[in-house]
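Peer 1: My file is upload_27.txt. It has compact mmCIF, N, CA and C atoms:
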```txt
# COMPACT_ATOMS: atom_id res chain seq x y z
N MET Z 11 -66.12 121.49 -104.43
CA MET Z 11 -64.91 120.99 -105.03
C MET Z 11 -64.83 119.46 -104.96
N LEU Z 12 -65.28 118.84 -103.88
CA LEU Z 12 -65.20 117.39 -103.73
C LEU Z 12 -66.52 116.68 -104.01
N LYS Z 13 -67.53 117.44 -104.38
CA LYS Z 13 -68.85 116.86 -104.60
C LYS Z 13 -68.78 115.76 -105.65
N ASP Z 14 -69.30 114.61 -105.28
CA ASP Z 14 -69.39 113.44 -106.16
C ASP Z 14 -68.03 112.90 -106.61
N LYS Z 15 -66.97 113.22 -105.89
CA LYS Z 15 -65.63 112.72 -106.22
C LYS Z 15 -65.30 111.52 -105.33
N LYS Z 16 -64.41 110.67 -105.82
CA LYS Z 16 -63.85 109.58 -105.02
C LYS Z 16 -62.54 110.12 -104.44
N VAL Z 17 -62.48 110.20 -103.11
CA VAL Z 17 -61.36 110.85 -102.44
C VAL Z 17 -60.54 109.82 -101.65
N LEU Z 18 -59.23 109.92 -101.78
CA LEU Z 18 -58.31 109.05 -101.07
C LEU Z 18 -57.34 109.91 -100.26
N PHE Z 19 -57.24 109.60 -98.98
CA PHE Z 19 -56.23 110.22 -98.11
C PHE Z 19 -55.19 109.15 -97.85
N VAL Z 20 -53.92 109.45 -98.07
CA VAL Z 20 -52.83 108.52 -97.78
C VAL Z 20 -52.02 109.15 -96.66
N ILE Z 21 -52.02 108.47 -95.51
CA ILE Z 21 -51.39 109.02 -94.32
C ILE Z 21 -50.32 108.06 -93.79
N ALA Z 22 -49.41 108.60 -93.02
CA ALA Z 22 -48.36 107.77 -92.45
C ALA Z 22 -48.83 107.03 -91.21
N HIS Z 23 -49.61 107.71 -90.36
CA HIS Z 23 -50.02 107.14 -89.07
C HIS Z 23 -51.51 107.37 -88.83
N PRO Z 24 -52.14 106.49 -88.05
CA PRO Z 24 -53.50 106.81 -87.63
C PRO Z 24 -53.44 108.05 -86.76
N ASP Z 25 -54.36 108.89 -86.92
CA ASP Z 25 -54.56 110.21 -86.33
C ASP Z 25 -54.10 111.32 -87.25
N ASP Z 26 -53.26 111.01 -88.27
CA ASP Z 26 -52.88 112.02 -89.25
C ASP Z 26 -54.09 112.48 -90.06
N GLU Z 27 -55.07 111.59 -90.21
CA GLU Z 27 -56.28 111.98 -90.97
C GLU Z 27 -56.98 113.15 -90.30
N LEU Z 28 -56.89 113.25 -88.99
CA LEU Z 28 -57.52 114.37 -88.27
C LEU Z 28 -56.55 115.51 -88.00
N ILE Z 29 -55.34 115.18 -87.53
CA ILE Z 29 -54.37 116.22 -87.18
C ILE Z 29 -53.96 117.02 -88.41
N THR Z 30 -53.67 116.34 -89.50
CA THR Z 30 -53.17 117.01 -90.69
C THR Z 30 -54.29 117.41 -91.65
N PHE Z 31 -55.32 116.58 -91.76
CA PHE Z 31 -56.33 116.77 -92.80
C PHE Z 31 -57.75 116.95 -92.28
N GLY Z 32 -57.91 117.27 -91.02
CA GLY Z 32 -59.24 117.34 -90.41
C GLY Z 32 -60.28 118.10 -91.22
N PRO Z 33 -60.05 119.36 -91.57
CA PRO Z 33 -61.06 120.10 -92.34
C PRO Z 33 -61.34 119.49 -93.71
N ALA Z 34 -60.29 119.06 -94.41
CA ALA Z 34 -60.49 118.45 -95.73
C ALA Z 34 -61.24 117.13 -95.61
N LEU Z 35 -60.91 116.35 -94.58
CA LEU Z 35 -61.60 115.08 -94.37
C LEU Z 35 -63.08 115.31 -94.09
N MET Z 36 -63.39 116.29 -93.27
CA MET Z 36 -64.79 116.58 -92.96
C MET Z 36 -65.55 117.04 -94.20
N GLU Z 37 -64.91 117.86 -95.03
CA GLU Z 37 -65.55 118.28 -96.28
C GLU Z 37 -65.77 117.07 -97.19
N ALA Z 38 -64.78 116.21 -97.28
CA ALA Z 38 -64.90 115.03 -98.14
C ALA Z 38 -66.02 114.11 -97.67
N VAL Z 39 -66.04 113.82 -96.39
CA VAL Z 39 -67.08 112.94 -95.85
C VAL Z 39 -68.46 113.52 -96.11
N GLY Z 40 -68.59 114.83 -96.04
CA GLY Z 40 -69.89 115.47 -96.24
C GLY Z 40 -70.30 115.62 -97.69
N ASN Z 41 -69.35 115.56 -98.62
CA ASN Z 41 -69.68 115.87 -100.02
C ASN Z 41 -69.26 114.84 -101.05
N ALA Z 42 -68.24 114.06 -100.76
CA ALA Z 42 -67.68 113.17 -101.77
C ALA Z 42 -68.55 111.94 -101.98
N LYS Z 43 -68.36 111.32 -103.13
CA LYS Z 43 -69.03 110.07 -103.45
C LYS Z 43 -68.53 108.95 -102.54
N SER Z 44 -67.21 108.91 -102.31
CA SER Z 44 -66.61 107.95 -101.39
C SER Z 44 -65.33 108.53 -100.83
N VAL Z 45 -64.99 108.10 -99.61
CA VAL Z 45 -63.78 108.57 -98.94
C VAL Z 45 -63.06 107.36 -98.34
N THR Z 46 -61.80 107.20 -98.71
CA THR Z 46 -60.96 106.14 -98.18
C THR Z 46 -59.74 106.78 -97.54
N VAL Z 47 -59.35 106.25 -96.39
CA VAL Z 47 -58.12 106.71 -95.72
C VAL Z 47 -57.20 105.50 -95.61
N ALA Z 48 -56.05 105.57 -96.28
CA ALA Z 48 -55.06 104.49 -96.24
C ALA Z 48 -53.90 104.91 -95.34
N CYS Z 49 -53.67 104.13 -94.30
CA CYS Z 49 -52.60 104.38 -93.33
C CYS Z 49 -51.45 103.42 -93.63
N LEU Z 50 -50.24 103.96 -93.77
CA LEU Z 50 -49.11 103.13 -94.17
C LEU Z 50 -48.45 102.37 -93.03
N THR Z 51 -48.42 102.93 -91.82
CA THR Z 51 -47.74 102.24 -90.73
C THR Z 51 -48.69 101.38 -89.92
N ASN Z 52 -48.12 100.43 -89.26
CA ASN Z 52 -48.89 99.51 -88.43
C ASN Z 52 -48.96 100.06 -87.01
N PRO Z 53 -50.08 100.56 -86.61
CA PRO Z 53 -50.18 101.17 -85.28
C PRO Z 53 -50.32 100.13 -84.19
N SER Z 54 -50.19 100.60 -82.98
CA SER Z 54 -50.48 99.74 -81.84
C SER Z 54 -51.96 99.35 -81.90
N ILE Z 55 -52.33 98.34 -81.15
CA ILE Z 55 -53.73 97.91 -81.12
C ILE Z 55 -54.63 99.07 -80.70
N TYR Z 56 -54.18 99.84 -79.72
CA TYR Z 56 -54.95 100.99 -79.24
C TYR Z 56 -55.17 102.02 -80.35
N ARG Z 57 -54.09 102.38 -81.07
CA ARG Z 57 -54.22 103.37 -82.14
C ARG Z 57 -55.04 102.83 -83.32
N ALA Z 58 -54.89 101.54 -83.62
CA ALA Z 58 -55.68 100.94 -84.69
C ALA Z 58 -57.17 101.00 -84.35
N LYS Z 59 -57.50 100.67 -83.11
CA LYS Z 59 -58.91 100.72 -82.68
C LYS Z 59 -59.45 102.14 -82.82
N LYS Z 60 -58.67 103.13 -82.42
CA LYS Z 60 -59.10 104.53 -82.54
C LYS Z 60 -59.32 104.90 -84.00
N PHE Z 61 -58.43 104.41 -84.87
CA PHE Z 61 -58.55 104.68 -86.31
C PHE Z 61 -59.85 104.09 -86.86
N TYR Z 62 -60.13 102.84 -86.51
CA TYR Z 62 -61.36 102.20 -86.98
C TYR Z 62 -62.61 102.84 -86.34
N ASP Z 63 -62.52 103.21 -85.07
CA ASP Z 63 -63.63 103.92 -84.42
C ASP Z 63 -63.91 105.25 -85.12
N CYS Z 64 -62.84 105.96 -85.44
CA CYS Z 64 -62.97 107.25 -86.13
C CYS Z 64 -63.63 107.05 -87.49
N SER Z 65 -63.23 106.00 -88.20
CA SER Z 65 -63.80 105.75 -89.53
C SER Z 65 -65.30 105.49 -89.44
N ARG Z 66 -65.70 104.73 -88.44
CA ARG Z 66 -67.13 104.46 -88.27
C ARG Z 66 -67.88 105.74 -87.91
N SER Z 67 -67.32 106.53 -87.03
CA SER Z 67 -67.98 107.77 -86.59
C SER Z 67 -68.12 108.78 -87.71
N LEU Z 68 -67.05 108.92 -88.50
CA LEU Z 68 -67.06 109.95 -89.55
C LEU Z 68 -67.57 109.45 -90.89
N GLY Z 69 -67.46 108.16 -91.14
CA GLY Z 69 -68.00 107.61 -92.37
C GLY Z 69 -67.01 107.47 -93.51
N PHE Z 70 -65.76 107.09 -93.22
CA PHE Z 70 -64.80 106.82 -94.29
C PHE Z 70 -64.36 105.36 -94.23
N LYS Z 71 -63.84 104.87 -95.34
CA LYS Z 71 -63.33 103.50 -95.42
C LYS Z 71 -61.88 103.49 -94.94
N PRO Z 72 -61.57 102.71 -93.89
CA PRO Z 72 -60.20 102.68 -93.36
C PRO Z 72 -59.40 101.51 -93.95
N LEU Z 73 -58.15 101.78 -94.28
CA LEU Z 73 -57.23 100.74 -94.73
C LEU Z 73 -55.90 100.92 -94.00
N ILE Z 74 -55.31 99.84 -93.52
CA ILE Z 74 -53.99 99.90 -92.91
C ILE Z 74 -53.08 98.95 -93.68
N LEU Z 75 -52.04 99.50 -94.31
CA LEU Z 75 -51.08 98.67 -95.04
C LEU Z 75 -50.14 97.96 -94.08
N GLY Z 76 -49.67 98.68 -93.09
CA GLY Z 76 -48.94 98.08 -91.99
C GLY Z 76 -47.47 97.80 -92.17
N SER Z 77 -46.69 98.36 -91.29
CA SER Z 77 -45.29 98.07 -91.10
C SER Z 77 -44.93 98.61 -89.73
N VAL Z 78 -43.79 98.24 -89.23
CA VAL Z 78 -43.39 98.71 -87.92
C VAL Z 78 -43.30 100.23 -87.92
N ASP Z 79 -43.86 100.85 -86.92
CA ASP Z 79 -43.88 102.30 -86.81
C ASP Z 79 -42.59 102.77 -86.12
N ASP Z 80 -41.49 102.76 -86.86
CA ASP Z 80 -40.19 103.18 -86.33
C ASP Z 80 -39.91 104.59 -86.81
N PRO Z 81 -39.92 105.58 -85.91
CA PRO Z 81 -39.77 106.97 -86.32
C PRO Z 81 -38.42 107.31 -86.94
N GLU Z 82 -37.45 106.42 -86.81
CA GLU Z 82 -36.13 106.68 -87.38
C GLU Z 82 -35.99 106.19 -88.82
N LYS Z 83 -36.99 105.48 -89.31
CA LYS Z 83 -36.88 104.89 -90.65
C LYS Z 83 -37.87 105.55 -91.61
N PHE Z 84 -37.42 105.66 -92.85
CA PHE Z 84 -38.31 106.12 -93.91
C PHE Z 84 -39.20 104.96 -94.33
N ILE Z 85 -40.34 105.28 -94.90
CA ILE Z 85 -41.24 104.26 -95.42
C ILE Z 85 -40.80 103.95 -96.85
N THR Z 86 -39.96 102.95 -97.00
CA THR Z 86 -39.40 102.66 -98.32
C THR Z 86 -39.63 101.21 -98.75
N ASP Z 87 -40.20 100.41 -97.92
CA ASP Z 87 -40.41 99.00 -98.20
C ASP Z 87 -41.26 98.84 -99.47
N LEU Z 88 -40.89 97.88 -100.31
CA LEU Z 88 -41.67 97.62 -101.52
C LEU Z 88 -43.09 97.19 -101.20
N HIS Z 89 -43.29 96.64 -100.00
CA HIS Z 89 -44.63 96.27 -99.54
C HIS Z 89 -45.57 97.47 -99.62
N PHE Z 90 -45.07 98.63 -99.21
CA PHE Z 90 -45.89 99.84 -99.26
C PHE Z 90 -46.22 100.21 -100.69
N ALA Z 91 -45.21 100.19 -101.54
CA ALA Z 91 -45.41 100.59 -102.94
C ALA Z 91 -46.44 99.68 -103.60
N GLU Z 92 -46.30 98.38 -103.43
CA GLU Z 92 -47.25 97.46 -104.06
C GLU Z 92 -48.64 97.59 -103.44
N GLY Z 93 -48.71 97.66 -102.12
CA GLY Z 93 -50.00 97.81 -101.46
C GLY Z 93 -50.70 99.10 -101.85
N LEU Z 94 -49.96 100.19 -101.89
CA LEU Z 94 -50.55 101.47 -102.26
C LEU Z 94 -50.92 101.50 -103.74
N ARG Z 95 -50.12 100.87 -104.57
CA ARG Z 95 -50.46 100.78 -106.00
C ARG Z 95 -51.79 100.04 -106.18
N GLU Z 96 -51.97 98.95 -105.44
CA GLU Z 96 -53.24 98.20 -105.52
C GLU Z 96 -54.41 99.05 -105.05
N ILE Z 97 -54.20 99.85 -104.01
CA ILE Z 97 -55.26 100.74 -103.54
C ILE Z 97 -55.60 101.78 -104.59
N LEU Z 98 -54.58 102.37 -105.20
CA LEU Z 98 -54.83 103.37 -106.24
C LEU Z 98 -55.58 102.77 -107.42
N MET Z 99 -55.23 101.54 -107.78
CA MET Z 99 -55.90 100.88 -108.92
C MET Z 99 -57.34 100.50 -108.56
N SER Z 100 -57.58 100.03 -107.34
CA SER Z 100 -58.92 99.57 -106.98
C SER Z 100 -59.85 100.72 -106.61
N GLU Z 101 -59.32 101.72 -105.93
CA GLU Z 101 -60.17 102.84 -105.50
C GLU Z 101 -60.38 103.87 -106.61
N THR Z 102 -59.49 103.93 -107.57
CA THR Z 102 -59.52 104.91 -108.67
C THR Z 102 -59.96 106.30 -108.19
N PRO Z 103 -59.18 106.90 -107.28
CA PRO Z 103 -59.59 108.19 -106.72
C PRO Z 103 -59.52 109.32 -107.74
N ASP Z 104 -60.43 110.27 -107.60
CA ASP Z 104 -60.40 111.50 -108.39
C ASP Z 104 -59.48 112.52 -107.72
N VAL Z 105 -59.40 112.45 -106.40
CA VAL Z 105 -58.61 113.40 -105.60
C VAL Z 105 -57.82 112.61 -104.56
N ILE Z 106 -56.53 112.97 -104.40
CA ILE Z 106 -55.68 112.32 -103.40
C ILE Z 106 -55.08 113.40 -102.50
N PHE Z 107 -55.20 113.18 -101.20
CA PHE Z 107 -54.55 114.02 -100.20
C PHE Z 107 -53.44 113.21 -99.56
N THR Z 108 -52.28 113.82 -99.37
CA THR Z 108 -51.21 113.19 -98.61
C THR Z 108 -50.36 114.28 -97.97
N HIS Z 109 -49.31 113.87 -97.30
CA HIS Z 109 -48.45 114.80 -96.57
C HIS Z 109 -47.64 115.68 -97.51
N ASP Z 110 -47.07 116.74 -96.96
CA ASP Z 110 -46.19 117.66 -97.68
C ASP Z 110 -44.82 116.99 -97.84
N PRO Z 111 -44.35 116.80 -99.08
CA PRO Z 111 -43.08 116.11 -99.28
C PRO Z 111 -41.85 116.92 -98.87
N VAL Z 112 -42.00 118.21 -98.68
CA VAL Z 112 -40.85 119.05 -98.31
C VAL Z 112 -40.72 119.15 -96.80
N SER Z 113 -41.78 119.58 -96.15
CA SER Z 113 -41.71 119.77 -94.69
C SER Z 113 -42.12 118.53 -93.92
N GLY Z 114 -42.84 117.63 -94.59
CA GLY Z 114 -43.35 116.45 -93.90
C GLY Z 114 -44.41 116.80 -92.87
N ASP Z 115 -44.97 118.01 -92.97
CA ASP Z 115 -45.91 118.51 -91.97
C ASP Z 115 -45.18 118.49 -90.62
N MET Z 116 -45.78 118.65 -89.59
CA MET Z 116 -45.36 118.46 -88.21
C MET Z 116 -43.85 118.29 -87.98
N GLY Z 117 -43.03 119.20 -88.48
CA GLY Z 117 -41.62 119.19 -88.13
C GLY Z 117 -40.74 118.18 -88.84
N CYS Z 118 -40.91 118.04 -90.13
CA CYS Z 118 -40.04 117.18 -90.95
C CYS Z 118 -40.06 115.71 -90.53
N HIS Z 119 -41.22 115.18 -90.27
CA HIS Z 119 -41.33 113.77 -89.88
C HIS Z 119 -40.98 112.87 -91.07
N LYS Z 120 -40.05 111.95 -90.86
CA LYS Z 120 -39.57 111.08 -91.94
C LYS Z 120 -40.69 110.27 -92.59
N HIS Z 121 -41.61 109.77 -91.78
CA HIS Z 121 -42.70 108.98 -92.34
C HIS Z 121 -43.61 109.83 -93.22
N HIS Z 122 -43.86 111.05 -92.83
CA HIS Z 122 -44.71 111.93 -93.63
C HIS Z 122 -44.04 112.25 -94.97
N ILE Z 123 -42.75 112.56 -94.92
CA ILE Z 123 -42.02 112.88 -96.15
C ILE Z 123 -41.99 111.68 -97.09
N SER Z 124 -41.63 110.51 -96.58
CA SER Z 124 -41.54 109.34 -97.46
C SER Z 124 -42.91 108.90 -97.96
N CYS Z 125 -43.95 109.09 -97.17
CA CYS Z 125 -45.32 108.80 -97.61
C CYS Z 125 -45.66 109.68 -98.81
N ALA Z 126 -45.38 110.97 -98.71
CA ALA Z 126 -45.68 111.91 -99.79
C ALA Z 126 -44.90 111.59 -101.05
N ILE Z 127 -43.63 111.25 -100.90
CA ILE Z 127 -42.81 110.91 -102.06
C ILE Z 127 -43.31 109.64 -102.72
N LEU Z 128 -43.67 108.64 -101.93
CA LEU Z 128 -44.19 107.38 -102.47
C LEU Z 128 -45.48 107.61 -103.24
N VAL Z 129 -46.40 108.39 -102.68
CA VAL Z 129 -47.66 108.68 -103.37
C VAL Z 129 -47.38 109.38 -104.70
N SER Z 130 -46.51 110.38 -104.67
CA SER Z 130 -46.19 111.14 -105.87
C SER Z 130 -45.59 110.25 -106.96
N MET Z 131 -44.66 109.39 -106.57
CA MET Z 131 -44.03 108.49 -107.54
C MET Z 131 -45.04 107.53 -108.14
N LEU Z 132 -45.90 106.96 -107.32
CA LEU Z 132 -46.90 106.01 -107.82
C LEU Z 132 -47.91 106.68 -108.74
N VAL Z 133 -48.37 107.86 -108.35
CA VAL Z 133 -49.35 108.56 -109.19
C VAL Z 133 -48.71 108.92 -110.52
N ASP Z 134 -47.48 109.42 -110.51
CA ASP Z 134 -46.78 109.75 -111.76
C ASP Z 134 -46.62 108.51 -112.62
N ASN Z 135 -46.27 107.38 -112.00
CA ASN Z 135 -46.09 106.13 -112.71
C ASN Z 135 -47.39 105.63 -113.32
N LEU Z 136 -48.48 105.72 -112.58
CA LEU Z 136 -49.78 105.24 -113.09
C LEU Z 136 -50.29 106.13 -114.21
N GLN Z 137 -49.99 107.40 -114.14
CA GLN Z 137 -50.45 108.34 -115.18
C GLN Z 137 -49.70 108.14 -116.48
N SER Z 138 -48.53 107.52 -116.44
CA SER Z 138 -47.74 107.32 -117.66
C SER Z 138 -48.22 106.11 -118.46
N PHE Z 139 -49.16 105.32 -117.90
CA PHE Z 139 -49.68 104.16 -118.64
C PHE Z 139 -50.84 104.53 -119.49
```
For this file, produce the structure as structure tokens.
Peer 2:
Amino acid sequence: MLKDKKVLFVIAHPDDELITFGPALMEAVGNAKSVTVACLTNPSIYRAKKFYDCSRSLGFKPLILGSVDDPEKFITDLHFAEGLREILMSETPDVIFTHDPVSGDMGCHKHHISCAILVSMLVDNLQSF
């Protein structure tokens, strides 16, 4: 299914690429033409290092858009929209994985829900051009 495809994972936090998408990520890394993981929140130095270490170990391109990781706030900053739009335009993915916009995965996490909604809105917007 992912053979020779350009795959983009858009996640709210570092470690979501494994916790939420582990099997899909492993399939993509093993079969896809390219794999990029874009993280929307700005993790601590420790979590960022783990994210970059994971990318080197597994073989995906890591991107961090970055904003304060406040669990009480939705990811609504225009910085995210513009940054993610640029990633979508430059990476031109064939397949995009992101969080569930209804449940937010892992117990209705606000960042997961807003990440999914942002991805959906941007993809719909880009497809209308």
Peer 1: Counting only N, CA and C atoms, what is within 8 Å of Leu94 (chain Z), bar same-chain residues fewer than 6 positions away, as a PyMOL selection string?
Peer 2: chain Z and resi 75+88+100+129+132
Peer 1: Take every atom of region 15-22 of chain Z listed in the file, pad by 8 Å on each side, and give me the axis-aligned box centre and edge lengths in Å, one decimal, as AutoDock Vina command-line options.
Peer 2:
```
--center_x -57.7 --center_y 110.1 --center_z -98.7 --size_x 34.6 --size_y 22.2 --size_z 31.0
```
Peer 1: What's the separation between atom N of Leu50 (chain Z) and CA of Glu92 (chain Z), in Å to one decimal place?
Peer 2: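 Interatomic distance, atom N of Leu50 (chain Z) to CA of Glu92 (chain Z): 12.5 Å.
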Peer 1: Would you mind writing down, as a VMD selection string, each residue of chain Z that DSSP on the backbone assigns to strand (DSSP E or B)?
Peer 2: chain Z and resid 16 to 21 44 to 49 52 71 to 74 78 105 to 107
Peer 1: Around (-52.9, 110.1, -95.9), as given in the file, which residues come within 8 Å? Count all atoms listed in the file and list them as a list of chain:residue names.
Peer 2: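 Applying the cut-off with all atoms listed in the file, one gets Z:Leu18, Z:Phe19, Z:Val20, Z:Ile21, Z:Ala22, Z:His23, Z:Asp26, Z:Glu27, Z:Thr46, Z:Val47, Z:Ala48, Z:Cys49, Z:Leu50, Z:Ile106, Z:Phe107, Z:Thr108, Z:His109, Z:Cys125.
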Peer 1: Taking the chain letters and numbering used in this document, name the residues of chain Z that DSSP puts in alpha helix (DSSP H), as a ChimeraX atom specification.
Peer 2: /Z:26-29,32-41,55-68,88-101,120-137
Peer 1: What does the distance between atom N of Lys71 (chain Z) and CA of Val45 (chain Z) come to in Å, to one decimal place?
Peer 2: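 Atom-to-atom, atom N of Lys71 (chain Z) to CA of Val45 (chain Z), that is 5.2 Å.
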Peer 1: CA of Met131 (chain Z) to CA of Cys64 (chain Z): how many Å, to one decimal?
Peer 2: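 Spanning CA of Met131 (chain Z) to CA of Cys64 (chain Z) is a straight-line distance of 28.6 Å.
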Peer 1: Need to verify the contact set: Lys15 (chain Z), 5 Å, all atoms listed in the file, exclusion of same-chain residues closer than 3 positions in sequence. Can you return it as a compact mmCIF listing (two decimals) with N, CA and C atoms, in the frame of the given file?
Peer 2:
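Contents of around_37.txt, as written:
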```txt
# COMPACT_ATOMS: atom_id res chain seq x y z
N LEU Z 12 -65.28 118.84 -103.88
CA LEU Z 12 -65.20 117.39 -103.73
C LEU Z 12 -66.52 116.68 -104.01
N ALA Z 42 -68.24 114.06 -100.76
CA ALA Z 42 -67.68 113.17 -101.77
C ALA Z 42 -68.55 111.94 -101.98
N LYS Z 43 -68.36 111.32 -103.13
CA LYS Z 43 -69.03 110.07 -103.45
C LYS Z 43 -68.53 108.95 -102.54
N SER Z 44 -67.21 108.91 -102.31
CA SER Z 44 -66.61 107.95 -101.39
C SER Z 44 -65.33 108.53 -100.83
```
Peer 1: Using all atoms listed in the file for the distances, tell me which of Z:Ile74, Z:Asp104, Z:Leu35, Z:Ile123 is nearest to Thr51 (chain Z).
Peer 2: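 Nearest candidate to Thr51 (chain Z) out of Z:Ile74, Z:Asp104, Z:Leu35, Z:Ile123: Z:Ile74.
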Peer 1: For a quick check of understanding, using only N, CA and C atoms, which of Z:Phe31, Z:Met36, Z:Ala126, Z:Pro24 has the smallest distance to Tyr62 (chain Z)?
Peer 2: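 Of Z:Phe31, Z:Met36, Z:Ala126, Z:Pro24, the one nearest Tyr62 (chain Z) is Z:Pro24, counting only N, CA and C atoms.
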Peer 1: Smallest atom-to-atom distance to Phe61 (chain Z): which of Z:Asp25, Z:Asp14, Z:Glu101, Z:Asp110, using all atoms listed in the file?
Peer 2: Z:Asp25
Peer 1: Which residue, Z:Ser124, Z:Arg57, Z:Lys16, Z:Ser65, has the smallest gap to Thr102 (chain Z) when you use only N, CA and C atoms?
Peer 2: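 So, comparing all the options, the nearest one is Z:Lys16.
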